[in-house]
Number of protein chains: 2
Amino acid sequence: MLKLYSFLPSGNCYKIRLLLTQLSIPFERVEVNIINGESRTPEFLTKNPNGRIPVLETESGQFLAESNAIIFYLSEGTQFLPQDRFLRAQVLQWLFFEQYSHEPFIATSRFWISYLGKAEEYKDAIEQKRAPGYAALTVMEDHLQQHRFFVGEQYTIADIGLFAYTHVAHEGNFDLTRFPAIQAWIKRVESQPLHITIEQT
Amino acid sequence: MLKLYSFLPSGNCYKIRLLLTQLSIPFERVEVNIINGESRTPEFLTKNPNGRIPVLETESGQFLAESNAIIFYLSEGTQFLPQDRFLRAQVLQWLFFEQYSHEPFIATSRFWISYLGKAEEYKDAIEQKRAPGYAALTVMEDHLQQHRFFVGEQYTIADIGLFAYTHVAHEGNFDLTRFPAIQAWIKRVESQPLHITIEQT
């Protein structure tokens with residue numbers, strides 16, 4: 001059985017739980033508390049030398065890190081990744097956008113504010129993340145004003161990758177009411193078969 | 001013919017020029033000077049709403065952004081991307097590592113110090129990027145102490161993606177002499193057939 005090393009509040013880990021559930025693939029979840037440094041122990045570093053979760057362990061005992069690499073791997077050959085070569089590249093374009101232009105601002109703000117409860121301590125850092133975070137949401141809003149989903153007008157891992165931290169962006173004090181197309185897309189994603197919430201395991 | 005919207009000093013653009021050259025695929029290069037805001041004009045935003053280079057324009061006039069999505073797209077079905085599904089996922093793992101844990105620290109330092117020549121003005125920001133930049137180089141060093149290349153013991157786009165900013169890391173004041181395995185790997189990458197330098201077009 002697949003094994004997922006995961007930290008429940010992490011959107012990066014949620015992406016994989018959501019996809020595995022929608023693929024009806026059973027998996028074992030191993031909780032790794034990153035607050036206690038559990039992803040930096042010598043033992044965990046043998047699984048991912050970069051010391052981060054999530055990590056997927058295959059049935060043959062191989063390890064794969066980076067959430068978006070993992071969902072690409074799991075979705076190959078399924079309805080969640082287009083067969084067409086250019087559409088597949090567009091999926092990757094949005095997944096790289098997510099990790100470079102979205103996650104470092106929106107996910108990090110949420111972590112400081114809603115998970116650590118240290119909005120005051122991280123005030124300046126959070127302030128620096130407002131403009132780039134809103135810029136990413138604006139890119140998404142503009143795209144979703146003309147498209148139902150991110151790639152090929154169908155629900156793919158591009159949507160899963162972007163949904164994970166966008167639908168909880170308000171927990172990082174980003175105001176989603178400014179973005180009606182994103183809100184409608186969130187509802188479309190949540191209405192997909194076998195959807196689970198970020199709290200569900 | 002393929003068209004590449006590119007800014008010459010950018011390592012992200014260099015990845016694509018290097019791969020296209022090694023694939024012997026002719027392309028037209030369109031220079032976009034990001035310093036003058038040329039990637040943020042209304043006209044350029046129709047190509048990439050995220051306002052960044054590189055952007056690839058296909059022969060049918062479609063646009064693709066994000067350097068690592070572009071090299072994945074161009075390398076599918078070639079010797080530069082493994083056929084094996086898990087190896088392909090490992091390539092993506094390293095490409096996401098590059099964009100999340102490497103480029104934001106090493107490329108940005110180089111840009112401020114060697115391109116803008118503003119080491120003094122950006123002193124505090126550069127200082128903040130030392131530890132995560134060296135952490136990324138250490139992850140690479142540890143891997144390369146046991147492997148000739150990043151994935152499958154052969155030269156792939158994982159190497160191209162990581163080479164782009166690593167081999168010029170000293171231009172961001174990162175000391176590569178501490179990393180002998182990285183230095184040996186740089187020589188191996190540079191000795192590949194049809195290699196071009198970052199200055200070559």
# chains A, B, ... in the order shown; residues from 1 in each chain; ligands from 1

$ residues_around --residues "region 163-172 of chain B" --least-positions-apart "6" --cutoff "9 Å" --atoms "only C-alpha atoms" --output "JSON, numbers by chain"
{"B": [10, 11, 12, 13, 14, 15, 102, 103, 106, 107, 108, 109, 110, 111, 112, 113, 114, 115, 126, 137, 182, 183, 185, 186, 189, 198]}

$ residues_around --residues "Arg148 (chain A)" --least-positions-apart "4" --cutoff "12 Å" --atoms "only C-alpha atoms" --output "ChimeraX atom specification"
/A:140-144,152-156,159,181-189

$ interface_residues --of "chain B" --to "chain A" --cutoff "8 Å" --atoms "only C-alpha atoms" --output "list in words"
Pro49, Asn50, Leu64, Ala65, Glu66, Asn68, Ala69, Ile70, Phe72, Tyr73, Arg85, Phe86, Ala89, Gln90, Leu92, Gln93, Phe96, Phe97, Gln99, Tyr100, Ala136 and Val139 of chain B

$ atom_distance --atom1 "CA of Ser6 (chain A)" --atom2 "CA of Phe105 (chain A)"
20.9 Å

$ residues_around --residues "Thr201 (chain A)" --least-positions-apart "4" --cutoff "9 Å" --atoms "only C-alpha atoms" --output "number ranges by chain"
A: 8, 14, 17-18, 29, 196-197

$ write_last_selection --atoms "C-alpha atoms" --output "compact mmCIF listing (two decimals), in the first residue's frame"
# COMPACT_ATOMS: atom_id res chain seq x y z
CA LEU A 8 -2.68 17.44 8.41
CA TYR A 14 -4.03 17.84 1.33
CA ARG A 17 -5.02 13.07 0.07
CA LEU A 18 -7.69 14.67 -2.13
CA ARG A 29 -1.09 8.18 6.35
CA ILE A 196 -12.92 15.64 0.81
CA THR A 197 -12.18 18.72 2.93

$ select_by_dssp --residues "region 8-199 of chain A" --states "alpha helix (DSSP H)" --output "PyMOL selection string"
chain A and resi 11-22+42-45+67-75+85-97+103-110+123-128+130-144+157-166+180-190

$ atom_distance --atom1 "CA of Lys47 (chain B)" --atom2 "CA of Ile160 (chain B)"
24.4 Å

$ closest_residue --among "A:Phe174, A:Phe7, A:Gln192, A:Pro54" --to "Glu127 (chain A)" --atoms "only C-alpha atoms"
A:Phe174

$ decode --residues "region 63-160 of chain A" --atoms "C-alpha atoms" --output "compact mmCIF listing (two decimals), in the first residue's frame"
# COMPACT_ATOMS: atom_id res chain seq x y z
CA PHE A 63 10.40 7.91 -1.95
CA LEU A 64 9.05 10.88 -3.86
CA ALA A 65 8.93 14.46 -2.54
CA GLU A 66 7.37 17.75 -3.73
CA SER A 67 3.58 17.81 -3.65
CA ASN A 68 3.10 18.75 -7.28
CA ALA A 69 5.52 16.10 -8.53
CA ILE A 70 3.58 13.57 -6.47
CA ILE A 71 0.16 14.53 -7.87
CA PHE A 72 1.58 14.50 -11.40
CA TYR A 73 2.95 11.00 -10.79
CA LEU A 74 -0.31 9.70 -9.34
CA SER A 75 -2.49 11.23 -12.05
CA GLU A 76 -0.62 10.02 -15.15
CA GLY A 77 -2.98 7.93 -17.22
CA THR A 78 -6.07 9.07 -15.32
CA GLN A 79 -8.86 11.58 -16.04
CA PHE A 80 -7.08 14.09 -13.78
CA LEU A 81 -4.21 14.69 -16.24
CA PRO A 82 -4.89 15.39 -19.93
CA GLN A 83 -3.42 13.05 -22.54
CA ASP A 84 -2.63 15.92 -24.90
CA ARG A 85 1.00 17.01 -24.64
CA PHE A 86 0.36 20.76 -24.68
CA LEU A 87 -2.49 20.55 -22.17
CA ARG A 88 -0.23 18.50 -19.89
CA ALA A 89 2.39 21.26 -20.19
CA GLN A 90 -0.27 23.83 -19.26
CA VAL A 91 -1.08 21.77 -16.16
CA LEU A 92 2.60 21.95 -15.20
CA GLN A 93 2.65 25.69 -15.95
CA TRP A 94 -0.08 26.26 -13.35
CA LEU A 95 1.56 23.91 -10.85
CA PHE A 96 4.86 25.80 -11.13
CA PHE A 97 2.91 29.07 -10.85
CA GLU A 98 1.39 27.71 -7.67
CA GLN A 99 4.71 26.85 -6.04
CA TYR A 100 6.55 30.02 -7.13
CA SER A 101 3.97 32.83 -7.24
CA HIS A 102 1.20 31.66 -4.89
CA GLU A 103 2.20 29.24 -2.12
CA PRO A 104 5.16 31.23 -0.70
CA PHE A 105 2.84 34.16 0.01
CA ILE A 106 -0.62 32.75 0.68
CA ALA A 107 0.28 29.51 2.44
CA THR A 108 2.97 31.12 4.56
CA SER A 109 0.63 33.90 5.74
CA ARG A 110 -1.97 31.32 6.71
CA PHE A 111 0.62 29.28 8.62
CA TRP A 112 1.79 32.27 10.69
CA ILE A 113 -1.66 33.71 11.32
CA SER A 114 -3.99 30.74 11.72
CA TYR A 115 -1.73 27.87 12.60
CA LEU A 116 0.99 29.43 14.78
CA GLY A 117 -1.30 32.28 15.91
CA LYS A 118 1.59 34.74 15.64
CA ALA A 119 0.14 37.49 13.43
CA GLU A 120 1.70 40.18 15.62
CA GLU A 121 5.16 38.63 15.73
CA TYR A 122 5.27 38.13 11.94
CA LYS A 123 3.53 41.43 11.15
CA ASP A 124 6.20 42.84 8.81
CA ALA A 125 6.76 39.56 6.97
CA ILE A 126 3.01 39.11 6.53
CA GLU A 127 2.73 42.66 5.19
CA GLN A 128 5.41 41.91 2.56
CA LYS A 129 3.36 38.97 1.33
CA ARG A 130 0.12 40.92 0.72
CA ALA A 131 0.93 42.37 -2.71
CA PRO A 132 2.41 39.22 -4.32
CA GLY A 133 -0.36 37.09 -2.79
CA TYR A 134 -3.08 39.33 -4.22
CA ALA A 135 -1.22 39.42 -7.54
CA ALA A 136 -1.43 35.62 -7.74
CA LEU A 137 -5.14 35.66 -6.89
CA THR A 138 -5.70 38.28 -9.59
CA VAL A 139 -4.00 36.10 -12.21
CA MET A 140 -6.32 33.26 -11.17
CA GLU A 141 -9.41 35.49 -11.16
CA ASP A 142 -8.70 36.78 -14.67
CA HIS A 143 -8.26 33.23 -15.95
CA LEU A 144 -11.39 31.93 -14.23
CA GLN A 145 -13.53 34.74 -15.61
CA GLN A 146 -13.17 32.98 -18.94
CA HIS A 147 -12.70 29.34 -17.96
CA ARG A 148 -14.50 26.88 -15.72
CA PHE A 149 -11.26 25.12 -14.76
CA PHE A 150 -7.58 25.90 -15.24
CA VAL A 151 -6.76 23.61 -18.16
CA GLY A 152 -8.87 22.17 -20.96
CA GLU A 153 -12.20 23.11 -19.34
CA GLN A 154 -12.02 20.03 -17.15
CA TYR A 155 -11.10 19.31 -13.52
CA THR A 156 -7.40 18.33 -13.39
CA ILE A 157 -4.53 18.29 -10.92
CA ALA A 158 -3.97 21.97 -11.85
CA ASP A 159 -7.22 22.68 -10.02
CA ILE A 160 -6.29 20.40 -7.12
